[in-house]
file input_29.cif (mmCIF, C-alpha atoms and all ligand atoms)
data_protein
#
loop_
_atom_site.group_PDB
_atom_site.id
_atom_site.type_symbol
_atom_site.label_atom_id
_atom_site.label_comp_id
_atom_site.auth_asym_id
_atom_site.auth_seq_id
_atom_site.Cartn_x
_atom_site.Cartn_y
_atom_site.Cartn_z
ATOM 1 C CA MET A 1 10.926 -14.627 5.028
ATOM 2 C CA SER A 2 9.849 -13.585 8.548
ATOM 3 C CA ILE A 3 7.704 -10.495 9.116
ATOM 4 C CA ALA A 4 10.547 -8.924 11.094
ATOM 5 C CA GLN A 5 13.004 -9.476 8.248
ATOM 6 C CA LEU A 6 10.594 -8.125 5.641
ATOM 7 C CA SER A 7 9.906 -5.033 7.769
ATOM 8 C CA ALA A 8 13.615 -4.472 8.337
ATOM 9 C CA ASP A 9 14.363 -4.831 4.603
ATOM 10 C CA LEU A 10 11.611 -2.415 3.620
ATOM 11 C CA HIS A 11 12.698 0.127 6.233
ATOM 12 C CA ALA A 12 16.285 -0.121 5.049
ATOM 13 C CA ALA A 13 15.188 0.493 1.462
ATOM 14 C CA ALA A 14 12.886 3.448 2.315
ATOM 15 C CA PRO A 15 11.814 5.795 0.865
ATOM 16 C CA LEU A 16 10.072 3.360 -1.434
ATOM 17 C CA VAL A 17 7.781 3.706 -4.417
ATOM 18 C CA GLY A 18 5.093 1.012 -4.461
ATOM 19 C CA ALA A 19 3.517 0.222 -7.818
ATOM 20 C CA SER A 20 -0.299 0.079 -7.654
ATOM 21 C CA LEU A 21 -1.079 -2.462 -10.356
ATOM 22 C CA LEU A 22 -4.669 -1.227 -10.637
ATOM 23 C CA ALA A 23 -3.439 1.239 -13.260
ATOM 24 C CA CYS A 24 -1.317 -1.218 -15.260
ATOM 25 C CA ASP A 25 -2.176 -2.853 -18.564
ATOM 26 C CA PHE A 26 -3.657 -6.167 -17.395
ATOM 27 C CA ALA A 27 -3.430 -7.576 -20.905
ATOM 28 C CA ASN A 28 0.342 -7.353 -20.447
ATOM 29 C CA LEU A 29 0.600 -8.052 -16.737
ATOM 30 C CA ARG A 30 3.875 -9.993 -16.832
ATOM 31 C CA GLN A 31 5.546 -7.364 -18.988
ATOM 32 C CA GLU A 32 4.278 -4.512 -16.808
ATOM 33 C CA ILE A 33 5.675 -6.225 -13.713
ATOM 34 C CA ARG A 34 9.052 -6.779 -15.417
ATOM 35 C CA GLN A 35 9.163 -3.120 -16.384
ATOM 36 C CA VAL A 36 8.410 -1.830 -12.890
ATOM 37 C CA GLU A 37 10.974 -4.269 -11.455
ATOM 38 C CA GLN A 38 13.572 -2.948 -13.900
ATOM 39 C CA ALA A 39 12.525 0.596 -12.972
ATOM 40 C CA GLY A 40 13.614 -0.066 -9.388
ATOM 41 C CA VAL A 41 10.224 -0.616 -7.765
ATOM 42 C CA ARG A 42 10.731 -2.751 -4.645
ATOM 43 C CA ILE A 43 7.129 -3.541 -3.688
ATOM 44 C CA LEU A 44 3.895 -4.225 -5.577
ATOM 45 C CA HIS A 45 0.571 -2.890 -4.262
ATOM 46 C CA LEU A 46 -2.543 -4.872 -5.125
ATOM 47 C CA ASP A 47 -5.954 -3.239 -4.710
ATOM 48 C CA VAL A 48 -8.715 -5.738 -4.000
ATOM 49 C CA MET A 49 -12.247 -4.253 -4.232
ATOM 50 C CA ASP A 50 -15.499 -6.099 -3.632
ATOM 51 C CA GLY A 51 -18.222 -3.734 -4.868
ATOM 52 C CA HIS A 52 -19.568 -3.451 -1.293
ATOM 53 C CA PHE A 53 -16.969 -1.782 0.884
ATOM 54 C CA VAL A 54 -16.179 0.420 -2.103
ATOM 55 C CA PRO A 55 -18.405 1.116 -5.123
ATOM 56 C CA ASN A 56 -16.124 -0.689 -7.578
ATOM 57 C CA ILE A 57 -14.857 -4.190 -8.323
ATOM 58 C CA SER A 58 -11.226 -4.746 -9.236
ATOM 59 C CA PHE A 59 -9.698 -8.219 -8.905
ATOM 60 C CA GLY A 60 -9.190 -10.928 -6.339
ATOM 61 C CA LEU A 61 -7.276 -14.087 -5.559
ATOM 62 C CA PRO A 62 -6.435 -15.288 -9.108
ATOM 63 C CA ILE A 63 -4.609 -12.051 -9.904
ATOM 64 C CA VAL A 64 -2.716 -12.088 -6.609
ATOM 65 C CA GLU A 65 -1.677 -15.681 -7.374
ATOM 66 C CA ALA A 66 -0.648 -14.749 -10.912
ATOM 67 C CA VAL A 67 1.433 -11.810 -9.709
ATOM 68 C CA ARG A 68 3.053 -14.080 -7.092
ATOM 69 C CA ARG A 69 4.083 -16.547 -9.830
ATOM 70 C CA THR A 70 5.491 -13.684 -11.892
ATOM 71 C CA SER A 71 7.501 -11.737 -9.321
ATOM 72 C CA ASP A 72 9.609 -12.188 -6.194
ATOM 73 C CA LEU A 73 8.878 -8.643 -4.990
ATOM 74 C CA PRO A 74 6.922 -8.303 -1.736
ATOM 75 C CA LEU A 75 3.175 -8.145 -2.367
ATOM 76 C CA ASP A 76 1.336 -5.451 -0.411
ATOM 77 C CA VAL A 77 -2.338 -6.442 -0.617
ATOM 78 C CA HIS A 78 -4.826 -3.670 0.169
ATOM 79 C CA LEU A 79 -8.196 -5.214 1.001
ATOM 80 C CA MET A 80 -11.058 -2.838 0.266
ATOM 81 C CA ILE A 81 -13.598 -5.473 1.182
ATOM 82 C CA CYS A 82 -16.261 -6.154 3.806
ATOM 83 C CA GLU A 83 -15.436 -8.907 6.291
ATOM 84 C CA PRO A 84 -11.736 -9.085 5.421
ATOM 85 C CA GLY A 85 -11.240 -11.598 8.257
ATOM 86 C CA CYS A 86 -13.014 -14.268 6.175
ATOM 87 C CA TYR A 87 -10.409 -14.147 3.399
ATOM 88 C CA LEU A 88 -7.056 -13.771 5.146
ATOM 89 C CA LYS A 89 -5.918 -17.368 4.722
ATOM 90 C CA GLN A 90 -6.760 -17.318 1.032
ATOM 91 C CA PHE A 91 -4.857 -14.090 0.366
ATOM 92 C CA ARG A 92 -1.887 -15.331 2.359
ATOM 93 C CA SER A 93 -1.900 -18.623 0.420
ATOM 94 C CA ALA A 94 -2.156 -16.655 -2.815
ATOM 95 C CA GLY A 95 1.135 -14.958 -1.947
ATOM 96 C CA ALA A 96 0.411 -11.790 0.038
ATOM 97 C CA ASP A 97 3.364 -10.667 2.184
ATOM 98 C CA LEU A 98 1.564 -7.693 3.725
ATOM 99 C CA ILE A 99 -2.193 -7.633 4.206
ATOM 100 C CA THR A 100 -3.881 -4.306 4.956
ATOM 101 C CA ILE A 101 -7.455 -4.037 6.205
ATOM 102 C CA HIS A 102 -9.675 -0.990 6.582
ATOM 103 C CA VAL A 103 -10.558 0.017 10.131
ATOM 104 C CA GLU A 104 -14.034 0.953 8.813
ATOM 105 C CA ALA A 105 -14.616 -2.627 7.593
ATOM 106 C CA VAL A 106 -14.386 -4.407 10.950
ATOM 107 C CA PRO A 107 -15.961 -3.983 14.389
ATOM 108 C CA ASP A 108 -12.557 -4.532 16.041
ATOM 109 C CA PRO A 109 -9.349 -4.646 14.000
ATOM 110 C CA ARG A 110 -7.249 -6.300 16.725
ATOM 111 C CA PRO A 111 -8.220 -9.962 16.190
ATOM 112 C CA VAL A 112 -7.975 -9.538 12.424
ATOM 113 C CA LEU A 113 -4.486 -8.018 12.662
ATOM 114 C CA GLU A 114 -3.439 -10.790 15.056
ATOM 115 C CA GLU A 115 -4.632 -13.390 12.597
ATOM 116 C CA ILE A 116 -2.705 -11.763 9.732
ATOM 117 C CA ARG A 117 0.471 -11.973 11.801
ATOM 118 C CA SER A 118 -0.285 -15.541 12.852
ATOM 119 C CA LEU A 119 -0.412 -16.440 9.159
ATOM 120 C CA GLY A 120 3.118 -15.109 8.777
ATOM 121 C CA ALA A 121 2.245 -11.920 6.893
ATOM 122 C CA GLY A 122 2.831 -8.323 7.885
ATOM 123 C CA ALA A 123 -0.320 -6.671 9.241
ATOM 124 C CA GLY A 124 -1.530 -3.318 7.983
ATOM 125 C CA ILE A 125 -4.317 -0.958 8.988
ATOM 126 C CA THR A 126 -5.704 1.787 6.790
ATOM 127 C CA LEU A 127 -8.269 4.542 7.157
ATOM 128 C CA ASN A 128 -10.387 6.556 4.765
ATOM 129 C CA PRO A 129 -9.945 10.357 4.521
ATOM 130 C CA PRO A 130 -12.918 11.139 6.835
ATOM 131 C CA THR A 131 -11.749 8.678 9.516
ATOM 132 C CA PRO A 132 -9.690 10.324 12.281
ATOM 133 C CA ALA A 133 -6.241 9.010 13.136
ATOM 134 C CA ALA A 134 -7.488 8.329 16.679
ATOM 135 C CA ASP A 135 -9.661 5.497 15.318
ATOM 136 C CA VAL A 136 -6.589 3.323 14.681
ATOM 137 C CA GLU A 137 -4.657 4.253 17.822
ATOM 138 C CA ALA A 138 -5.775 1.235 19.848
ATOM 139 C CA CYS A 139 -4.429 -1.249 17.303
ATOM 140 C CA LEU A 140 -1.112 0.319 16.290
ATOM 141 C CA ASP A 141 0.858 -2.099 18.478
ATOM 142 C CA LEU A 142 -0.317 -4.913 16.164
ATOM 143 C CA CYS A 143 0.588 -3.153 12.920
ATOM 144 C CA ASP A 144 3.638 -3.542 10.696
ATOM 145 C CA LEU A 145 2.216 -1.024 8.238
ATOM 146 C CA VAL A 146 -0.110 1.965 8.523
ATOM 147 C CA LEU A 147 -1.624 3.217 5.289
ATOM 148 C CA VAL A 148 -3.075 6.714 5.012
ATOM 149 C CA MET A 149 -5.621 7.007 2.205
ATOM 150 C CA SER A 150 -5.246 10.319 0.414
ATOM 151 C CA VAL A 151 -8.356 9.676 -1.731
ATOM 152 C CA MET A 152 -11.636 7.905 -1.007
ATOM 153 C CA PRO A 153 -10.803 4.320 -1.959
ATOM 154 C CA GLY A 154 -12.421 2.659 -4.945
ATOM 155 C CA PHE A 155 -10.837 4.263 -7.977
ATOM 156 C CA GLY A 156 -7.439 5.154 -9.340
ATOM 157 C CA GLY A 157 -6.709 8.515 -10.892
ATOM 158 C CA GLN A 158 -8.260 10.714 -8.202
ATOM 159 C CA GLU A 159 -6.865 13.961 -6.845
ATOM 160 C CA PHE A 160 -4.678 13.855 -3.724
ATOM 161 C CA ASP A 161 -6.388 15.194 -0.583
ATOM 162 C CA PRO A 162 -3.861 17.453 1.215
ATOM 163 C CA ALA A 163 -5.501 16.630 4.579
ATOM 164 C CA ALA A 164 -3.528 13.368 4.362
ATOM 165 C CA VAL A 165 -0.331 15.287 5.186
ATOM 166 C CA ASP A 166 -1.435 16.186 8.728
ATOM 167 C CA LYS A 167 -2.730 12.679 9.231
ATOM 168 C CA LEU A 168 0.661 11.240 8.217
ATOM 169 C CA CYS A 169 2.370 13.518 10.769
ATOM 170 C CA ARG A 170 -0.019 12.419 13.499
ATOM 171 C CA LEU A 171 0.285 8.749 12.678
ATOM 172 C CA ARG A 172 4.068 8.889 12.444
ATOM 173 C CA ALA A 173 4.122 10.338 15.960
ATOM 174 C CA MET A 174 1.534 7.856 17.263
ATOM 175 C CA ALA A 175 2.980 4.721 15.654
ATOM 176 C CA GLY A 176 6.665 5.374 16.253
ATOM 177 C CA PRO A 177 9.565 4.851 13.866
ATOM 178 C CA ASP A 178 9.315 1.071 13.396
ATOM 179 C CA VAL A 179 5.994 1.005 11.569
ATOM 180 C CA LEU A 180 6.097 1.357 7.807
ATOM 181 C CA LEU A 181 4.011 4.440 7.029
ATOM 182 C CA SER A 182 2.431 4.387 3.598
ATOM 183 C CA VAL A 183 0.266 6.780 1.590
ATOM 184 C CA ASP A 184 -2.051 5.860 -1.277
ATOM 185 C CA GLY A 185 -4.054 7.912 -3.735
ATOM 186 C CA GLY A 186 -3.005 10.674 -6.104
ATOM 187 C CA ILE A 187 0.691 10.192 -5.360
ATOM 188 C CA SER A 188 2.845 11.929 -7.967
ATOM 189 C CA LEU A 189 5.929 14.107 -8.378
ATOM 190 C CA GLU A 190 3.836 17.009 -7.007
ATOM 191 C CA THR A 191 2.537 15.250 -3.881
ATOM 192 C CA VAL A 192 5.391 12.943 -2.839
ATOM 193 C CA GLY A 193 7.439 15.694 -1.165
ATOM 194 C CA PRO A 194 4.930 16.856 1.464
ATOM 195 C CA CYS A 195 4.126 13.214 2.282
ATOM 196 C CA ALA A 196 7.828 12.416 2.772
ATOM 197 C CA ALA A 197 8.270 15.494 4.942
ATOM 198 C CA ALA A 198 5.312 14.318 7.030
ATOM 199 C CA GLY A 199 6.992 10.987 7.715
ATOM 200 C CA ALA A 200 5.800 8.575 5.009
ATOM 201 C CA ASP A 201 8.172 5.753 3.962
ATOM 202 C CA LEU A 202 6.166 4.110 1.179
ATOM 203 C CA PHE A 203 4.526 5.995 -1.676
ATOM 204 C CA VAL A 204 1.939 4.017 -3.605
ATOM 205 C CA ALA A 205 1.600 5.236 -7.162
ATOM 206 C CA GLY A 206 -0.776 3.954 -9.825
ATOM 207 C CA THR A 207 -1.834 6.428 -12.492
ATOM 208 C CA ALA A 208 1.227 8.660 -12.162
ATOM 209 C CA LEU A 209 3.543 5.657 -12.673
ATOM 210 C CA PHE A 210 1.758 3.709 -15.383
ATOM 211 C CA SER A 211 1.024 6.797 -17.479
ATOM 212 C CA GLN A 212 4.771 7.350 -17.946
ATOM 213 C CA ASP A 213 6.730 6.324 -21.031
ATOM 214 C CA ASN A 214 9.769 5.747 -18.843
ATOM 215 C CA TYR A 215 8.993 4.067 -15.518
ATOM 216 C CA GLY A 216 12.639 4.104 -14.430
ATOM 217 C CA ARG A 217 13.003 7.856 -14.702
ATOM 218 C CA PHE A 218 9.751 8.372 -12.769
ATOM 219 C CA VAL A 219 10.817 6.036 -9.940
ATOM 220 C CA ASP A 220 14.219 7.744 -9.737
ATOM 221 C CA GLU A 221 12.631 11.191 -9.589
ATOM 222 C CA MET A 222 10.071 10.135 -6.987
ATOM 223 C CA THR A 223 12.732 8.500 -4.836
ATOM 224 C CA GLY A 224 15.042 11.496 -5.145
ATOM 225 C CA LEU A 225 12.289 13.901 -4.112
ATOM 226 C CA ALA A 226 11.192 11.676 -1.232
ATOM 227 C CA LYS A 227 14.801 11.442 -0.001
ATOM 228 C CA SER A 228 15.378 15.169 -0.118
ATOM 229 C CA PHE A 229 12.143 15.875 1.794
ATOM 230 C CA THR A 230 12.868 13.071 4.276
ATOM 231 C CA ASP A 231 16.354 14.457 4.934
ATOM 232 C CA ALA A 232 14.876 17.924 5.492
ATOM 233 C CA ARG A 233 12.548 16.559 8.197
ATOM 234 C CA VAL A 234 13.063 18.106 11.584
HETATM 235 C C1 LIG B 301 -7.589 3.509 -4.514
HETATM 236 C C2 LIG B 301 -6.450 2.509 -4.438
HETATM 237 C C3 LIG B 301 -5.140 3.086 -4.834
HETATM 238 C C4 LIG B 301 -5.117 3.612 -6.223
HETATM 239 C C5 LIG B 301 -3.924 4.497 -6.419
HETATM 240 O O1 LIG B 301 -8.752 2.884 -4.133
HETATM 241 O O2 LIG B 301 -6.313 2.021 -3.143
HETATM 242 O O3 LIG B 301 -4.080 2.153 -4.616
HETATM 243 O O4 LIG B 301 -5.105 2.590 -7.176
HETATM 244 O O5 LIG B 301 -4.016 4.958 -7.696
HETATM 245 P P1 LIG B 301 -3.631 6.432 -8.138
HETATM 246 O O6 LIG B 301 -2.146 6.531 -7.966
HETATM 247 O O7 LIG B 301 -4.107 6.439 -9.526
HETATM 248 O O8 LIG B 301 -4.380 7.371 -7.231
HETATM 249 ZN ZN ZN B 302 -4.449 0.859 -2.585
#
call {"tool": "encode", "arguments": {"input": "input_29.cif", "output": "structure tokens"}}
result
Amino acid sequence: MSIAQLSADLHAAAPLVGASLLACDFANLRQEIRQVEQAGVRILHLDVMDGHFVPNISFGLPIVEAVRRTSDLPLDVHLMICEPGCYLKQFRSAGADLITIHVEAVPDPRPVLEEIRSLGAGAGITLNPPTPAADVEACLDLCDLVLVMSVMPGFGGQEFDPAAVDKLCRLRAMAGPDVLLSVDGGISLETVGPCAAAGADLFVAGTALFSQDNYGRFVDEMTGLAKSFTDARV
């Protein structure tokens, strides 16, 4: 599928809950993916951590490949790694549909974003809570997705930083309506509303989703709240 088609499909389906697999039961990966698919999740978020860019190690290419063999959902790969430009081809070959890099991890995001697009994937930029929105302004024309981190990256289960709401508003205005605006970290039934009102389209949830007994009810409630706050946007 082309990047344009994928972007159009995701926009049409917004607001969307993305499942952050970091919080799933990896001993039952296939079953967890089936359950989130049946719950109505339309995109899977994969958190790759290298122990350098962030002080934690999660998983890498073999898990992305395994998820690709298990699901037809778009794979939104969030690279929390140093020198992401060295691994783009591998993550694309492993099945990534969207590849997001951190602005803090590269001297200039533009060539890296261009290469992601040249590989046929959607290009994403993300920024840590202390990084101002202005730091990504010069590369927004090359982005299919902008991800606002609402926690310091590296760990699931952290508390949502409300400063992300203003940053979402700013980035929605700066990036325009065609970019998919995502938010990641501490997303739950309590925090989804303000993020939707601020212009987010994609709500990445890990702990709040995988701690539920009933994933379907959670996804329905999240989507309903996001829709009502999106509709109330002025
Ligand atoms: C944080 C990751 C997030 C995280 C979200 O470094 O990028 O995707 O797993 O998890 P929760 O929803 O637990 O904050
Ligand atoms: Zn993430």
call {"tool": "resolve_selection", "arguments": {"input": "input_29.cif", "expression": "the PyMOL selection byres (((chain A and resi 164) around 10) and not hetatm)", "output": "ChimeraX atom specification"}}
result
/A:128-130,148-151,160-163,165-170,183-185,194-195,198
call {"tool": "resolve_selection", "arguments": {"input": "input_29.cif", "expression": "the PyMOL selection byres (((not hetatm)) within 9 of (chain B and resi 302))", "output": "number ranges by chain"}}
result
A: 20, 22, 45-48, 76-80, 147, 149, 153-154, 156, 183-185, 204-206
call {"tool": "write_last_selection", "arguments": {"input": "input_29.cif", "atoms": "C-alpha atoms", "output": "compact mmCIF listing (two decimals), in the coordinates of the input"}}
result
# COMPACT_ATOMS: atom_id res chain seq x y z
CA SER A 20 -0.30 0.08 -7.65
CA LEU A 22 -4.67 -1.23 -10.64
CA HIS A 45 0.57 -2.89 -4.26
CA LEU A 46 -2.54 -4.87 -5.12
CA ASP A 47 -5.95 -3.24 -4.71
CA VAL A 48 -8.72 -5.74 -4.00
CA ASP A 76 1.34 -5.45 -0.41
CA VAL A 77 -2.34 -6.44 -0.62
CA HIS A 78 -4.83 -3.67 0.17
CA LEU A 79 -8.20 -5.21 1.00
CA MET A 80 -11.06 -2.84 0.27
CA LEU A 147 -1.62 3.22 5.29
CA MET A 149 -5.62 7.01 2.20
CA PRO A 153 -10.80 4.32 -1.96
CA GLY A 154 -12.42 2.66 -4.94
CA GLY A 156 -7.44 5.15 -9.34
CA VAL A 183 0.27 6.78 1.59
CA ASP A 184 -2.05 5.86 -1.28
CA GLY A 185 -4.05 7.91 -3.74
CA VAL A 204 1.94 4.02 -3.60
CA ALA A 205 1.60 5.24 -7.16
CA GLY A 206 -0.78 3.95 -9.82
call {"tool": "atom_distance", "arguments": {"input": "input_29.cif", "atom1": "atom O6 of ligand LIG 301 (chain B)", "atom2": "atom CA of His102 of chain A"}}
result
18.0 Å
call {"tool": "closest_residue", "arguments": {"input": "input_29.cif", "among": "A:Val41, A:Ala19, A:Ala196, A:Ala226", "to": "ligand LIG 301 (chain B)", "atoms": "all atoms listed in the file"}}
result
A:Ala19
call {"tool": "closest_residue", "arguments": {"input": "input_29.cif", "among": "A:Met1, A:Ile125, A:Ala39, A:Leu21", "to": "ligand LIG 301 (chain B)", "atoms": "only C-alpha atoms and all ligand atoms"}}
result
A:Leu21
call {"tool": "residues_near_point", "arguments": {"input": "input_29.cif", "point": "(12.8, 4.4, -8.8)", "cutoff": "10 Å", "atoms": "all atoms listed in the file", "output": "PDB file with C-alpha atoms, in the frame of the given file"}}
result
ATOM      1  CA  PRO A  15      11.814   5.795   0.865  1.00  0.00           C
ATOM      2  CA  LEU A  16      10.072   3.360  -1.434  1.00  0.00           C
ATOM      3  CA  VAL A  17       7.781   3.706  -4.417  1.00  0.00           C
ATOM      4  CA  GLY A  18       5.093   1.012  -4.461  1.00  0.00           C
ATOM      5  CA  VAL A  36       8.410  -1.830 -12.890  1.00  0.00           C
ATOM      6  CA  GLU A  37      10.974  -4.269 -11.455  1.00  0.00           C
ATOM      7  CA  GLN A  38      13.572  -2.948 -13.900  1.00  0.00           C
ATOM      8  CA  ALA A  39      12.525   0.596 -12.972  1.00  0.00           C
ATOM      9  CA  GLY A  40      13.614  -0.066  -9.388  1.00  0.00           C
ATOM     10  CA  VAL A  41      10.224  -0.616  -7.765  1.00  0.00           C
ATOM     11  CA  ARG A  42      10.731  -2.751  -4.645  1.00  0.00           C
ATOM     12  CA  TYR A 215       8.993   4.067 -15.518  1.00  0.00           C
ATOM     13  CA  GLY A 216      12.639   4.104 -14.430  1.00  0.00           C
ATOM     14  CA  ARG A 217      13.003   7.856 -14.702  1.00  0.00           C
ATOM     15  CA  PHE A 218       9.751   8.372 -12.769  1.00  0.00           C
ATOM     16  CA  VAL A 219      10.817   6.036  -9.940  1.00  0.00           C
ATOM     17  CA  ASP A 220      14.219   7.744  -9.737  1.00  0.00           C
ATOM     18  CA  GLU A 221      12.631  11.191  -9.589  1.00  0.00           C
ATOM     19  CA  MET A 222      10.071  10.135  -6.987  1.00  0.00           C
ATOM     20  CA  THR A 223      12.732   8.500  -4.836  1.00  0.00           C
ATOM     21  CA  GLY A 224      15.042  11.496  -5.145  1.00  0.00           C
TER      22      GLY A 224
END
call {"tool": "resolve_selection", "arguments": {"input": "input_29.cif", "expression": "the PyMOL selection byres (((chain A and resi 89) around 12) and not hetatm)", "output": "NGL selection string"}}
result
:A and (61 or 84-88 or 90-97 or 99 or 112 or 115-121)
call {"tool": "closest_residue", "arguments": {"input": "input_29.cif", "among": "A:Leu44, A:Val136, A:Leu145, A:Val192", "to": "Val67 of chain A", "atoms": "only C-alpha atoms"}}
result
A:Leu44
call {"tool": "closest_atom_pairs", "arguments": {"input": "input_29.cif", "of": "segment 124-222 of chain A", "to": "segment 7-14 of chain A", "cutoff": "9 Å", "atoms": "all atoms listed in the file", "output": "JSON lines"}}
result
{"residue": "A:Asp144", "atom": "CA", "partner": "A:Ser7", "partner_atom": "CA", "distance": 7.1}
{"residue": "A:Leu145", "atom": "CA", "partner": "A:Ser7", "partner_atom": "CA", "distance": 8.7}
{"residue": "A:Asp178", "atom": "CA", "partner": "A:His11", "partner_atom": "CA", "distance": 8.0}
{"residue": "A:Val179", "atom": "CA", "partner": "A:Ser7", "partner_atom": "CA", "distance": 8.1}
{"residue": "A:Leu180", "atom": "CA", "partner": "A:His11", "partner_atom": "CA", "distance": 6.9}
{"residue": "A:Asp201", "atom": "CA", "partner": "A:Ala14", "partner_atom": "CA", "distance": 5.5}
{"residue": "A:Leu202", "atom": "CA", "partner": "A:Ala14", "partner_atom": "CA", "distance": 6.8}
call {"tool": "atom_distance", "arguments": {"input": "input_29.cif", "atom1": "atom CA of Phe26 of chain A", "atom2": "atom CA of Leu189 of chain A"}}
result
24.2 Å
call {"tool": "closest_residue", "arguments": {"input": "input_29.cif", "among": "A:Asn28, A:Gln5, A:Thr126, A:Gln158", "to": "ligand LIG 301 (chain B)", "atoms": "all atoms listed in the file"}}
result
A:Gln158
call {"tool": "atom_distance", "arguments": {"input": "input_29.cif", "atom1": "atom CA of Ser2 of chain A", "atom2": "atom CA of Leu142 of chain A"}}
result
15.4 Å
call {"tool": "closest_residue", "arguments": {"input": "input_29.cif", "among": "A:Asn56, A:Thr100, A:Gln31, A:Ser188", "to": "Leu75 of chain A", "atoms": "only C-alpha atoms"}}
result
A:Thr100
call {"tool": "axis_aligned_box", "arguments": {"input": "input_29.cif", "around": "segment 186-202 of chain A", "padding_each_side": "3 Å", "output": "lines of an AutoDock Vina configuration file"}}
result
center_x = 2.6
center_y = 10.6
center_z = -0.3
size_x = 17.3
size_y = 18.9
size_z = 22.1
call {"tool": "closest_residue", "arguments": {"input": "input_29.cif", "among": "A:Ile101, A:Met152, A:Ala27, A:Ala123", "to": "ligand LIG 301 (chain B)", "atoms": "only C-alpha atoms and all ligand atoms"}}
result
A:Met152
